[in-house]
$ cat protein33.cif   # mmCIF, C-alpha atoms
data_target
loop_
_atom_site.label_atom_id
_atom_site.label_comp_id
_atom_site.auth_asym_id
_atom_site.auth_seq_id
_atom_site.Cartn_x
_atom_site.Cartn_y
_atom_site.Cartn_z
CA MET A 1053 -7.62 -15.78 4.09
CA PRO A 1054 -4.56 -15.83 1.85
CA THR A 1055 -1.56 -17.39 3.44
CA ALA A 1056 2.05 -16.36 3.29
CA ALA A 1057 3.89 -17.57 0.22
CA LEU A 1058 6.87 -19.85 0.62
CA PRO A 1059 10.35 -19.06 -0.68
CA ASP A 1060 11.70 -20.77 -3.77
CA GLU A 1061 13.60 -23.99 -3.14
CA ASP A 1062 17.34 -23.85 -3.80
CA THR A 1063 18.43 -25.72 -6.89
CA ALA A 1064 20.86 -28.45 -5.86
CA GLU A 1065 24.03 -28.64 -7.93
CA ALA A 1066 25.31 -32.04 -9.12
CA PRO A 1067 28.29 -33.31 -7.08
CA PRO A 1068 31.65 -33.35 -8.86
CA THR A 1069 32.77 -36.62 -10.47
CA ARG A 1070 34.90 -38.75 -8.16
CA ARG A 1071 37.46 -41.48 -9.02
CA PRO A 1072 36.48 -45.09 -8.03
CA LEU A 1073 37.46 -46.07 -4.50
CA ARG A 1074 39.85 -48.90 -3.92
CA LYS A 1075 38.35 -52.23 -2.71
CA PRO A 1076 39.61 -52.09 0.94
CA ILE A 1077 38.14 -48.67 1.43
CA VAL A 1078 34.82 -49.77 -0.08
CA THR A 1079 34.68 -52.79 2.25
CA ALA A 1080 35.32 -50.61 5.29
CA LEU A 1081 32.72 -48.09 4.23
CA ILE A 1082 30.05 -50.78 3.75
CA ALA A 1083 30.75 -52.14 7.21
CA TYR A 1084 30.45 -48.66 8.70
CA LEU A 1085 27.13 -48.02 6.94
CA LEU A 1086 25.74 -51.33 8.17
CA THR A 1087 26.59 -50.27 11.72
CA LEU A 1088 24.70 -46.99 11.25
CA VAL A 1089 21.68 -48.77 9.79
CA ALA A 1090 21.56 -51.07 12.80
CA ALA A 1091 21.60 -48.02 15.04
CA GLY A 1092 18.74 -46.41 13.05
CA LEU A 1093 20.82 -43.41 12.07
CA VAL A 1094 20.58 -43.70 8.29
CA VAL A 1095 17.46 -42.53 6.46
CA ASP A 1096 16.42 -43.10 2.91
CA ALA A 1097 18.04 -40.69 0.50
CA GLY A 1098 14.61 -39.62 -0.72
CA ASP A 1099 13.73 -38.43 2.79
CA ARG A 1100 16.94 -36.52 3.33
CA GLN A 1101 16.31 -32.81 3.98
CA GLU A 1102 18.67 -30.13 2.81
CA PRO A 1103 19.77 -27.77 5.56
CA ALA A 1104 17.35 -24.88 5.85
CA ALA A 1105 18.58 -21.56 4.51
CA PRO A 1106 19.37 -19.12 7.29
CA PRO A 1107 16.57 -16.61 7.87
CA PRO A 1108 17.16 -13.12 6.48
CA SER A 1109 18.79 -10.76 8.89
CA LYS A 1110 16.48 -8.37 10.69
CA PRO A 1111 16.40 -4.99 8.95
CA ALA A 1112 17.96 -2.12 10.83
CA PRO A 1113 15.69 0.62 12.23
CA VAL A 1114 15.12 3.66 10.05
CA HIS A 1115 15.78 7.01 11.68
CA ALA A 1116 14.14 10.26 10.63
CA ALA A 1117 14.49 13.81 11.89
CA PRO A 1118 11.95 14.30 14.71
CA THR A 1119 11.27 17.95 13.86
CA ARG A 1120 8.37 18.80 11.58
CA ALA A 1121 8.56 21.46 8.88
CA GLN A 1122 6.45 24.57 9.13
CA ALA A 1123 3.04 24.26 7.51
CA PRO A 1124 2.93 25.44 3.87
CA PRO A 1125 0.92 28.58 3.10
CA MET A 1126 -2.83 28.31 2.65
CA SER A 1127 -5.08 30.64 0.69
CA ASP A 1128 -8.62 30.72 -0.65
CA VAL A 1129 -7.27 32.19 -3.91
CA LEU A 1130 -6.87 29.68 -6.73
CA PRO A 1131 -3.32 29.51 -8.13
CA ASP A 1132 -2.66 29.47 -11.86
CA VAL A 1133 -3.08 26.11 -13.55
CA PRO A 1134 0.44 24.95 -14.49
CA GLU A 1135 1.47 23.96 -17.99
CA VAL A 1136 2.90 20.51 -18.57
CA ALA A 1137 6.17 20.91 -20.50
CA SER A 1138 6.96 17.22 -21.04
CA VAL A 1139 6.10 13.69 -19.98
CA ASP A 1140 8.72 10.94 -20.15
CA VAL A 1141 7.71 7.29 -19.96
CA LEU A 1142 10.32 5.48 -17.87
CA ASP A 1143 10.77 1.77 -17.19
CA PRO A 1144 8.16 0.40 -14.79
CA VAL A 1145 9.04 0.27 -11.10
CA HIS A 1146 11.46 -2.65 -10.74
CA GLN A 1147 9.91 -5.00 -8.20
CA GLN A 1148 10.89 -8.26 -6.52
CA GLY A 1149 11.03 -11.19 -8.95
CA ARG A 1150 8.04 -13.12 -7.59
CA VAL A 1151 5.69 -10.15 -7.96
CA THR A 1152 3.57 -10.46 -11.10
CA GLY A 1153 1.19 -7.62 -10.22
CA ARG A 1154 0.11 -5.38 -7.36
CA ASP A 1155 -2.00 -2.26 -7.52
CA ASN A 1156 -2.73 0.92 -5.53
CA GLY A 1157 0.96 1.73 -4.97
CA GLN A 1158 1.35 4.77 -2.69
CA SER A 1159 4.46 5.95 -0.89
CA THR A 1160 6.08 8.42 1.50
CA ARG A 1161 9.59 9.30 2.54
CA TYR A 1162 10.80 8.32 5.99
CA GLY A 1163 14.42 9.14 6.77
CA ASP A 1164 16.61 7.90 3.94
CA ARG A 1165 13.97 5.49 2.57
CA SER A 1166 10.83 5.53 0.49
CA VAL A 1167 8.07 3.37 2.03
CA TRP A 1168 5.50 1.86 -0.37
CA VAL A 1169 2.22 0.05 0.28
CA PHE A 1170 0.12 -1.97 -2.16
CA ALA A 1171 -3.29 -3.61 -2.27
CA ASP A 1172 -4.04 -6.89 -4.12
CA THR A 1173 -0.75 -8.64 -4.85
CA GLU A 1174 -0.17 -11.62 -7.13
CA LEU A 1175 2.94 -13.76 -6.69
CA THR A 1176 4.43 -16.73 -8.47
CA LYS A 1177 6.63 -19.72 -7.52
CA PRO A 1178 4.53 -20.90 -5.71
CA ASP A 1179 1.48 -18.96 -6.77
CA ALA A 1180 -0.09 -16.83 -4.07
CA PHE A 1181 -2.56 -13.97 -3.69
CA LEU A 1182 -2.30 -11.44 -0.87
CA SER A 1183 -4.68 -8.56 -0.23
CA ASN A 1184 -1.84 -6.22 0.77
CA THR A 1185 1.94 -5.98 0.79
CA ALA A 1186 4.60 -3.35 1.52
CA ALA A 1187 8.22 -2.62 0.66
CA SER A 1188 10.79 0.10 1.14
CA THR A 1189 13.85 1.26 -0.76
CA SER A 1190 16.84 3.54 -0.35
CA ASP A 1191 16.57 4.41 -4.06
CA LEU A 1192 15.38 8.03 -3.92
CA VAL A 1193 16.42 9.02 -7.45
CA GLY A 1194 13.66 8.53 -9.99
CA ARG A 1195 15.20 9.74 -13.24
CA ASP A 1196 16.84 6.36 -13.92
CA GLY A 1197 13.83 4.38 -12.70
CA ILE A 1198 12.88 3.16 -9.22
CA THR A 1199 14.18 -0.09 -7.75
CA LEU A 1200 11.80 -1.62 -5.21
CA THR A 1201 12.93 -5.21 -4.80
CA ALA A 1202 12.53 -5.59 -1.03
CA SER A 1203 10.05 -8.14 0.26
CA ASP A 1204 8.75 -6.18 3.26
CA VAL A 1205 8.39 -2.71 4.75
CA GLY A 1206 11.77 -2.98 6.46
CA GLY A 1207 13.57 -3.37 3.15
CA THR A 1208 14.50 -7.04 3.59
CA ALA A 1209 16.02 -8.64 0.49
CA GLY A 1210 14.47 -11.98 -0.38
CA ASP A 1211 11.38 -13.57 -1.88
CA VAL A 1212 9.28 -14.37 1.21
CA HIS A 1213 6.20 -12.15 1.11
CA ASP A 1214 3.44 -11.93 3.68
CA GLU A 1215 0.46 -9.70 4.22
CA PHE A 1216 1.56 -6.39 5.62
CA LEU A 1217 -1.55 -5.42 7.60
CA PRO A 1218 -2.40 -7.81 10.46
CA TRP A 1219 -5.68 -9.62 10.97
CA ASN A 1220 -7.39 -9.60 14.34
CA ASP A 1221 -8.59 -12.69 16.19
CA ALA A 1222 -12.27 -12.08 15.41
CA GLU A 1223 -11.58 -11.93 11.66
CA ARG A 1224 -9.54 -15.14 11.72
CA ALA A 1225 -12.23 -16.94 13.72
CA PHE A 1226 -14.95 -15.73 11.35
CA GLU A 1227 -13.10 -17.05 8.31
CA ARG A 1228 -12.51 -20.42 9.94
CA ALA A 1229 -16.18 -20.71 10.87
CA HIS A 1230 -17.30 -19.84 7.33
CA ALA A 1231 -15.05 -22.12 5.33
CA LYS A 1232 -16.38 -23.27 1.98
CA ASP A 1233 -17.89 -26.52 3.27
CA CYS A 1234 -20.23 -24.67 5.61
CA ALA A 1235 -23.95 -23.95 5.25
CA LEU A 1236 -23.87 -20.44 6.67
CA ARG A 1237 -24.86 -17.18 5.02
CA TYR A 1238 -21.28 -15.94 4.66
CA CYS A 1239 -19.91 -19.26 3.47
CA GLY A 1240 -16.53 -18.87 1.77
CA VAL A 1241 -16.19 -15.20 2.68
CA THR A 1242 -12.73 -13.80 3.36
CA PHE A 1243 -11.58 -10.38 4.53
CA GLY A 1244 -9.36 -7.99 2.63
CA LEU A 1245 -7.38 -5.02 3.88
CA TRP A 1246 -6.42 -2.53 1.19
CA PRO A 1247 -3.77 0.05 2.14
CA GLY A 1248 -4.42 3.59 0.92
CA PRO A 1249 -2.52 6.80 1.63
CA VAL A 1250 0.69 6.56 3.64
CA ILE A 1251 2.25 9.41 5.66
CA ALA A 1252 5.35 9.84 7.80
CA ASP A 1253 5.19 10.72 11.50
CA PRO A 1254 8.87 10.88 12.54
CA GLU A 1255 8.14 12.55 15.89
CA ARG A 1256 6.55 9.29 16.98
CA ASN A 1257 8.92 7.02 15.00
CA ARG A 1258 6.17 5.72 12.79
CA VAL A 1259 4.59 5.62 9.38
CA LEU A 1260 0.79 5.77 9.25
CA VAL A 1261 -1.31 3.94 6.67
CA LEU A 1262 -5.01 4.52 6.12
CA TYR A 1263 -6.74 1.40 4.83
CA HIS A 1264 -10.03 -0.05 3.58
CA LYS A 1265 -11.52 -3.18 5.10
CA LEU A 1266 -13.71 -5.32 2.85
CA CYS A 1267 -15.20 -8.79 2.58
CA ARG A 1268 -15.39 -10.86 -0.57
CA GLY A 1269 -15.82 -14.36 -1.95
CA GLY A 1270 -19.45 -14.81 -0.93
CA ALA A 1271 -22.07 -16.70 -2.93
CA PRO A 1272 -24.01 -14.82 -5.65
CA GLN A 1273 -26.79 -12.59 -4.34
CA GLU A 1274 -25.33 -12.81 -0.86
CA PRO A 1275 -23.38 -10.12 1.04
CA CYS A 1276 -19.70 -9.90 0.07
CA SER A 1277 -20.42 -11.29 -3.41
CA GLN A 1278 -19.55 -8.17 -5.38
CA LYS A 1279 -16.69 -8.41 -7.87
CA TYR A 1280 -14.34 -6.32 -5.77
CA GLY A 1281 -15.91 -7.11 -2.43
CA GLN A 1282 -18.13 -5.19 -0.06
CA ASP A 1283 -16.77 -2.20 1.85
CA LEU A 1284 -16.88 -2.55 5.63
CA GLY A 1285 -15.12 0.66 6.66
CA THR A 1286 -11.75 2.36 6.99
CA GLY A 1287 -9.08 2.49 9.69
CA VAL A 1288 -5.56 3.64 10.47
CA ALA A 1289 -2.51 1.41 10.91
CA ALA A 1290 0.86 2.40 12.41
CA VAL A 1291 4.27 0.99 11.46
CA ASP A 1292 6.91 1.36 14.16
CA MET A 1293 9.99 2.16 12.06
CA ARG A 1294 12.30 0.93 14.83
CA THR A 1295 10.86 -2.59 14.99
CA TYR A 1296 8.58 -2.70 11.86
CA GLU A 1297 5.72 -3.92 14.00
CA VAL A 1298 2.39 -3.04 12.38
CA THR A 1299 -0.63 -2.20 14.55
CA ARG A 1300 -4.17 -1.40 13.48
CA LEU A 1301 -4.93 1.49 15.82
CA PRO A 1302 -8.16 1.40 17.84
CA ALA A 1303 -10.45 4.38 17.25
CA GLY A 1304 -10.40 6.23 20.54
CA ASN A 1305 -13.44 8.02 21.97
CA ALA A 1306 -15.84 6.48 19.45
CA GLU A 1307 -18.44 3.74 19.31
CA PRO A 1308 -17.00 0.65 17.58
CA VAL A 1309 -18.13 0.28 13.97
CA SER A 1310 -20.23 -2.76 13.07
CA SER A 1311 -18.66 -5.35 10.78
CA ILE A 1312 -19.91 -8.74 9.63
CA GLU A 1313 -17.95 -10.52 12.38
CA GLY A 1314 -19.18 -8.12 15.07
CA ARG A 1315 -18.02 -4.76 16.39
CA ASP A 1316 -14.59 -3.79 15.07
CA PRO A 1317 -12.87 -1.20 17.33
CA SER A 1318 -10.14 -0.63 14.73
CA LEU A 1319 -12.54 0.92 12.21
CA PHE A 1320 -12.75 4.73 12.36
CA PHE A 1321 -15.55 5.02 9.79
CA GLY A 1322 -18.23 2.71 8.45
CA PRO A 1323 -18.92 2.00 4.77
CA GLU A 1324 -21.21 5.01 4.47
CA THR A 1325 -18.47 7.51 5.49
CA MET A 1326 -15.02 6.24 4.62
CA TYR A 1327 -11.88 8.38 4.81
CA ALA A 1328 -8.93 6.69 3.07
CA SER A 1329 -8.71 8.20 -0.41
CA ALA A 1330 -5.74 10.54 0.20
CA ALA A 1331 -3.85 12.14 3.09
CA VAL A 1332 -1.28 14.91 3.41
CA VAL A 1333 0.58 16.35 6.41
CA ALA A 1334 0.65 20.14 6.83
CA GLY A 1335 2.53 21.27 9.91
CA GLU A 1336 0.99 19.62 12.97
CA ASP A 1337 -2.17 18.51 11.13
CA VAL A 1338 -3.03 15.80 8.64
CA TYR A 1339 -5.74 16.32 6.03
CA VAL A 1340 -7.58 13.13 5.09
CA TYR A 1341 -9.83 12.80 2.04
CA GLY A 1342 -12.77 10.44 1.72
CA ASP A 1343 -16.54 10.04 1.85
CA CYS A 1344 -16.38 10.20 -1.95
CA SER A 1345 -19.45 10.22 -4.17
CA THR A 1346 -19.81 7.47 -6.75
CA VAL A 1347 -21.18 9.65 -9.58
CA ASP A 1348 -18.54 12.30 -10.25
CA VAL A 1349 -16.12 10.94 -7.61
CA ARG A 1350 -15.80 14.06 -5.48
CA CYS A 1351 -14.43 13.66 -1.99
CA ARG A 1352 -14.75 15.48 1.31
CA VAL A 1353 -11.90 16.41 3.60
CA ALA A 1354 -11.25 15.94 7.31
CA LYS A 1355 -8.54 17.43 9.52
CA VAL A 1356 -6.97 16.01 12.67
CA PRO A 1357 -3.77 16.74 14.63
CA LEU A 1358 -1.19 14.17 13.58
CA ALA A 1359 -0.43 13.39 17.22
CA LYS A 1360 -4.12 12.64 17.85
CA ILE A 1361 -5.01 10.75 14.69
CA ALA A 1362 -6.17 7.76 16.75
CA ASP A 1363 -8.58 9.98 18.74
CA ARG A 1364 -11.76 9.88 16.66
CA SER A 1365 -13.22 12.79 18.64
CA ALA A 1366 -10.36 15.05 17.44
CA TRP A 1367 -11.36 14.76 13.76
CA ARG A 1368 -13.04 17.76 12.12
CA PHE A 1369 -14.85 17.86 8.77
CA TYR A 1370 -14.79 20.74 6.30
CA GLY A 1371 -18.21 22.27 5.77
CA GLY A 1372 -17.10 25.12 3.48
CA ASP A 1373 -16.36 28.83 4.01
CA GLY A 1374 -13.69 28.10 6.62
CA TRP A 1375 -16.02 26.10 8.86
CA TRP A 1376 -14.94 22.81 10.42
CA SER A 1377 -17.56 20.57 12.07
CA ILE A 1378 -17.39 17.64 14.46
CA ASP A 1379 -20.09 15.92 12.39
CA PRO A 1380 -19.07 14.13 9.14
CA ALA A 1381 -22.56 14.80 7.78
CA ASP A 1382 -21.70 18.52 7.56
CA ALA A 1383 -18.78 17.97 5.16
CA VAL A 1384 -19.01 19.22 1.57
CA ALA A 1385 -17.46 17.57 -1.48
CA THR A 1386 -14.54 19.57 -2.83
CA VAL A 1387 -11.82 17.51 -4.50
CA ARG A 1388 -11.87 14.89 -7.24
CA ALA A 1389 -10.52 11.37 -6.98
CA GLY A 1390 -10.13 8.40 -9.27
CA GLY A 1391 -9.95 4.64 -9.24
CA ALA A 1392 -8.26 3.64 -5.96
CA GLY A 1393 -8.03 7.22 -4.70
CA ASN A 1394 -5.87 10.28 -5.30
CA SER A 1395 -2.73 11.97 -3.95
CA VAL A 1396 -2.42 15.52 -2.59
CA GLN A 1397 0.84 17.39 -2.00
CA TRP A 1398 2.24 20.88 -1.55
CA ASN A 1399 4.37 21.89 -4.56
CA PRO A 1400 6.81 24.72 -3.69
CA ALA A 1401 7.76 25.43 -7.31
CA LEU A 1402 4.14 25.89 -8.35
CA GLN A 1403 3.17 27.54 -5.06
CA ALA A 1404 0.09 25.34 -5.08
CA TRP A 1405 -1.46 22.28 -3.53
CA VAL A 1406 -1.71 19.66 -6.28
CA ASN A 1407 -4.18 16.77 -6.48
CA VAL A 1408 -3.30 13.90 -8.86
CA TYR A 1409 -5.67 11.08 -9.84
CA MET A 1410 -6.97 8.91 -12.70
CA GLU A 1411 -10.67 8.43 -13.26
CA TYR A 1412 -11.40 4.72 -13.56
CA GLY A 1413 -11.54 3.76 -17.25
CA SER A 1414 -10.26 7.12 -18.56
CA HIS A 1415 -6.52 6.26 -18.93
CA GLU A 1416 -5.71 9.94 -18.30
CA VAL A 1417 -3.60 11.17 -15.42
CA ARG A 1418 -5.39 14.34 -14.27
CA ALA A 1419 -4.69 17.01 -11.70
CA GLN A 1420 -6.15 20.01 -9.89
CA VAL A 1421 -4.53 22.87 -8.01
CA SER A 1422 -5.66 24.76 -4.93
CA GLY A 1423 -4.43 27.41 -2.53
CA ALA A 1424 -5.26 25.17 0.46
CA PRO A 1425 -5.59 21.42 1.06
CA TYR A 1426 -9.33 21.83 1.69
CA GLY A 1427 -10.03 23.79 -1.51
CA PRO A 1428 -11.51 25.34 -3.49
CA TRP A 1429 -9.94 23.35 -6.30
CA SER A 1430 -9.43 24.27 -9.94
CA GLU A 1431 -11.08 22.49 -12.82
CA PRO A 1432 -9.19 19.30 -13.68
CA PHE A 1433 -6.50 19.38 -16.35
CA THR A 1434 -4.75 16.53 -18.18
CA VAL A 1435 -1.22 15.68 -17.12
CA ALA A 1436 -0.61 12.64 -19.33
CA GLU A 1437 -2.32 10.13 -21.61
CA THR A 1438 -1.51 6.51 -20.84
CA ASP A 1439 -1.58 3.26 -22.79
CA PRO A 1440 -3.85 0.56 -21.32
CA GLY A 1441 -2.24 -2.21 -23.37
CA ASP A 1442 -4.11 -4.88 -25.29
CA TYR A 1443 -6.87 -5.32 -22.70
CA GLY A 1444 -7.90 -4.18 -19.25
CA THR A 1445 -7.59 -0.68 -17.94
CA ASN A 1446 -5.25 1.68 -16.11
CA TYR A 1447 -6.01 3.09 -12.67
CA ALA A 1448 -4.48 4.01 -9.30
CA ALA A 1449 -2.45 7.03 -10.42
CA PHE A 1450 -0.44 8.58 -7.57
CA ALA A 1451 2.32 11.16 -7.28
CA HIS A 1452 5.43 10.40 -5.22
CA PRO A 1453 6.75 13.74 -3.93
CA GLU A 1454 9.83 12.20 -2.28
CA TYR A 1455 11.23 11.79 -5.82
CA SER A 1456 10.44 15.33 -7.00
CA GLU A 1457 13.16 17.54 -8.49
CA ARG A 1458 13.73 21.26 -9.05
CA GLY A 1459 11.53 22.21 -6.13
CA GLY A 1460 8.58 20.31 -7.55
CA LEU A 1461 8.73 21.25 -11.24
CA VAL A 1462 9.64 17.63 -11.93
CA GLN A 1463 7.26 15.03 -10.49
CA TYR A 1464 7.16 11.24 -10.63
CA VAL A 1465 3.78 9.56 -11.06
CA THR A 1466 2.91 5.87 -11.10
CA TYR A 1467 -0.22 4.09 -12.24
CA TYR A 1468 -1.27 0.45 -12.40
CA GLN A 1469 -1.55 -1.15 -15.83
CA GLN A 1470 -3.93 -4.08 -15.55
CA PHE A 1471 -2.71 -5.60 -18.83
CA SER A 1472 0.87 -6.10 -17.68
CA GLY A 1473 0.52 -5.97 -13.90
CA ALA A 1474 3.20 -3.28 -13.85
CA GLN A 1475 3.52 -0.10 -11.84
CA LYS A 1476 4.14 2.21 -14.80
CA LEU A 1477 6.34 5.24 -14.10
CA LEU A 1478 6.10 8.74 -15.60
CA ARG A 1479 8.44 11.71 -15.23
CA VAL A 1480 6.32 14.85 -15.50
CA THR A 1481 7.96 18.25 -15.98
CA PHE A 1482 5.94 21.42 -15.45
CA ARG A 1483 6.92 24.64 -17.17
CA GLY A 1484 8.53 27.03 -14.70
#
$ encode --input "protein33.cif" --output "structure tokens"
Amino acid sequence: MPTAALPDEDTAEAPPTRRPLRKPIVTALIAYLLTLVAAGLVVDAGDRQEPAAPPPSKPAPVHAAPTRAQAPPMSDVLPDVPEVASVDVLDPVHQQGRVTGRDNGQSTRYGDRSVWVFADTELTKPDAFLSNTAASTSDLVGRDGITLTASDVGGTAGDVHDEFLPWNDAERAFERAHAKDCALRYCGVTFGLWPGPVIADPERNRVLVLYHKLCRGGAPQEPCSQKYGQDLGTGVAAVDMRTYEVTRLPAGNAEPVSSIEGRDPSLFFGPETMYASAAVVAGEDVYVYGDCSTVDVRCRVAKVPLAKIADRSAWRFYGGDGWWSIDPADAVATVRAGGAGNSVQWNPALQAWVNVYMEYGSHEVRAQVSGAPYGPWSEPFTVAETDPGDYGTNYAAFAHPEYSERGGLVQYVTYYQQFSGAQKLLRVTFRG
């Protein structure tokens, strides 16, 4: 399992030049040092440790209005497909200096901050690889770029990064037992937790993150040997915005899902029915998208009261024609998604629900509109063409509605450019 990266060492400045000491003072000093040596109080200069830098101050709690807005309108009538008036390429999201690349960046507004989560994260000085990180910022104006230089979800300034989502004891024990010098089937396997959609729940002082659990690093032809790992299921994590404690919620009223280390009570869905592609709050409910097909990447939609998101028995799955079922097998595919998922939001200016995504390998930011978060959805239309750079590909395109302007006519969209490791930023203006 990746370990937390260490902060950079402070560069020691050379001491200022001093004038030579007079002989009596030198003699007295030598005698004093000999006394200290005899007492064992002097250590070799090479072993001397610089005083440790004080730890960063604990970030203050973030407060958000506890009242929830009325649910946006919903209709089975398809709205008009909007026209894109312009697309401006802005500077990439400005991130903390040790970050050389992190993908799957999704965000939500909580109080006066924007909270971001990321999947695989590469760091430098010293080099490190983490399967997930998070940050937050008070920069809520996107037109001049987005500054996201905090090192954690609380907005702490500094360069000490750690994995945002916690590991449970069974996962840690499994990794220790299957270290690379073992002779077991899962030798060398590690777990990964990839954050997906993130939503605010101010009534309960929390931010919720839906995530994927995977295993990777296994030997060829063995489980967990795929390039990007093997899916094990999806779950829900909660961030207490008063203390920044992160908890992987147990799935209530459900049989624990099987994982390679045993039963995992924090998984809400197994690898055959995963819900963590997108999520959007509408009134008292949250709509969660997942169980996506691999051919045309169409996803199904579930609905659950936000207050009961941890109660697996409260989830309902859209079977079409206004029918919601308790059985995920009854769900029908409605909405498209791309590499790493999609993002759904209500856009007041367009009077439409908008789905934004990028098909893996296409380099096009695409969108759909609907009269309701469960569909039906329009045919996809192109929002922007992107540049993949000299090699690699672009993926993980997401809208960030907390930065929108003019009631939603102006939207900010990020995507991950594999070539540079940057979170590229677009300012999209729809014609009103």
$ closest_residue --input "protein33.cif" --among "A:Trp1398, A:Trp1429, A:Tyr1409, A:Phe1369" --to "Ala1330 in chain A" --atoms "only C-alpha atoms"
A:Tyr1409
$ residues_around --input "protein33.cif" --residues "Gly1371 in chain A" --least-positions-apart "2" --cutoff "10 Å" --atoms "all atoms listed in the file" --output "PDB file with C-alpha atoms, in the coordinates of the input"
ATOM      1  CA  ARG A1352     -14.750  15.480   1.310  1.00  0.00           C
ATOM      2  CA  VAL A1353     -11.900  16.410   3.600  1.00  0.00           C
ATOM      3  CA  ALA A1354     -11.250  15.940   7.310  1.00  0.00           C
ATOM      4  CA  ARG A1368     -13.040  17.760  12.120  1.00  0.00           C
ATOM      5  CA  PHE A1369     -14.850  17.860   8.770  1.00  0.00           C
ATOM      6  CA  ASP A1373     -16.360  28.830   4.010  1.00  0.00           C
ATOM      7  CA  GLY A1374     -13.690  28.100   6.620  1.00  0.00           C
ATOM      8  CA  TRP A1375     -16.020  26.100   8.860  1.00  0.00           C
ATOM      9  CA  TRP A1376     -14.940  22.810  10.420  1.00  0.00           C
ATOM     10  CA  SER A1377     -17.560  20.570  12.070  1.00  0.00           C
ATOM     11  CA  ILE A1378     -17.390  17.640  14.460  1.00  0.00           C
ATOM     12  CA  ASP A1379     -20.090  15.920  12.390  1.00  0.00           C
ATOM     13  CA  PRO A1380     -19.070  14.130   9.140  1.00  0.00           C
ATOM     14  CA  ALA A1381     -22.560  14.800   7.780  1.00  0.00           C
ATOM     15  CA  ASP A1382     -21.700  18.520   7.560  1.00  0.00           C
ATOM     16  CA  ALA A1383     -18.780  17.970   5.160  1.00  0.00           C
ATOM     17  CA  VAL A1384     -19.010  19.220   1.570  1.00  0.00           C
ATOM     18  CA  ALA A1385     -17.460  17.570  -1.480  1.00  0.00           C
ATOM     19  CA  THR A1386     -14.540  19.570  -2.830  1.00  0.00           C
ATOM     20  CA  TYR A1426      -9.330  21.830   1.690  1.00  0.00           C
TER      21      TYR A1426
END
$ resolve_selection --input "protein33.cif" --expression "the PyMOL selection byres ((chain A and resi 1216) around 6)" --output "MDAnalysis selection string"
chainID A and resid 1184:1186 1215 1217
$ resolve_selection --input "protein33.cif" --expression "the PyMOL selection byres ((chain A and resi 1111) around 12)" --output "list of chain:residue names"
A:Pro1107, A:Pro1108, A:Ser1109, A:Lys1110, A:Ala1112, A:Pro1113, A:Val1114, A:Ala1187, A:Ser1188, A:Thr1189, A:Ala1202, A:Ser1203, A:Asp1204, A:Val1205, A:Gly1206, A:Gly1207, A:Thr1208, A:Ala1209, A:Gly1210, A:Met1293, A:Arg1294, A:Thr1295, A:Tyr1296, A:Glu1297
$ atom_distance --input "protein33.cif" --atom1 "CA of Arg1300 in chain A" --atom2 "CA of Val1261 in chain A"
9.1 Å
$ residues_near_point --input "protein33.cif" --point "(-7.4, 24.9, -12.6)" --cutoff "6 Å" --atoms "all atoms listed in the file" --output "list in words"
Val1133, Gln1420, Val1421, Ser1430, Glu1431 and Pro1432 of chain A
$ resolve_selection --input "protein33.cif" --expression "the PyMOL selection byres ((chain A and resi 1250) around 12)" --output "NGL selection string"
:A and (1156-1162 or 1166-1170 or 1186 or 1246-1249 or 1251-1253 or 1258-1263 or 1288-1291 or 1328-1333 or 1338-1340 or 1394-1396 or 1450-1452)
$ write_last_selection --input "protein33.cif" --atoms "C-alpha atoms" --output "short mmCIF file (atom, residue, chain, number, x, y, z; two decimals), in the coordinates of the input"
data_model
loop_
_atom_site.label_atom_id
_atom_site.label_comp_id
_atom_site.auth_asym_id
_atom_site.auth_seq_id
_atom_site.Cartn_x
_atom_site.Cartn_y
_atom_site.Cartn_z
CA ASN A 1156 -2.73 0.92 -5.53
CA GLY A 1157 0.96 1.73 -4.97
CA GLN A 1158 1.35 4.77 -2.69
CA SER A 1159 4.46 5.95 -0.89
CA THR A 1160 6.08 8.42 1.50
CA ARG A 1161 9.59 9.30 2.54
CA TYR A 1162 10.80 8.32 5.99
CA SER A 1166 10.83 5.53 0.49
CA VAL A 1167 8.07 3.37 2.03
CA TRP A 1168 5.50 1.86 -0.37
CA VAL A 1169 2.22 0.05 0.28
CA PHE A 1170 0.12 -1.97 -2.16
CA ALA A 1186 4.60 -3.35 1.52
CA TRP A 1246 -6.42 -2.53 1.19
CA PRO A 1247 -3.77 0.05 2.14
CA GLY A 1248 -4.42 3.59 0.92
CA PRO A 1249 -2.52 6.80 1.63
CA ILE A 1251 2.25 9.41 5.66
CA ALA A 1252 5.35 9.84 7.80
CA ASP A 1253 5.19 10.72 11.50
CA ARG A 1258 6.17 5.72 12.79
CA VAL A 1259 4.59 5.62 9.38
CA LEU A 1260 0.79 5.77 9.25
CA VAL A 1261 -1.31 3.94 6.67
CA LEU A 1262 -5.01 4.52 6.12
CA TYR A 1263 -6.74 1.40 4.83
CA VAL A 1288 -5.56 3.64 10.47
CA ALA A 1289 -2.51 1.41 10.91
CA ALA A 1290 0.86 2.40 12.41
CA VAL A 1291 4.27 0.99 11.46
CA ALA A 1328 -8.93 6.69 3.07
CA SER A 1329 -8.71 8.20 -0.41
CA ALA A 1330 -5.74 10.54 0.20
CA ALA A 1331 -3.85 12.14 3.09
CA VAL A 1332 -1.28 14.91 3.41
CA VAL A 1333 0.58 16.35 6.41
CA VAL A 1338 -3.03 15.80 8.64
CA TYR A 1339 -5.74 16.32 6.03
CA VAL A 1340 -7.58 13.13 5.09
CA ASN A 1394 -5.87 10.28 -5.30
CA SER A 1395 -2.73 11.97 -3.95
CA VAL A 1396 -2.42 15.52 -2.59
CA PHE A 1450 -0.44 8.58 -7.57
CA ALA A 1451 2.32 11.16 -7.28
CA HIS A 1452 5.43 10.40 -5.22
#
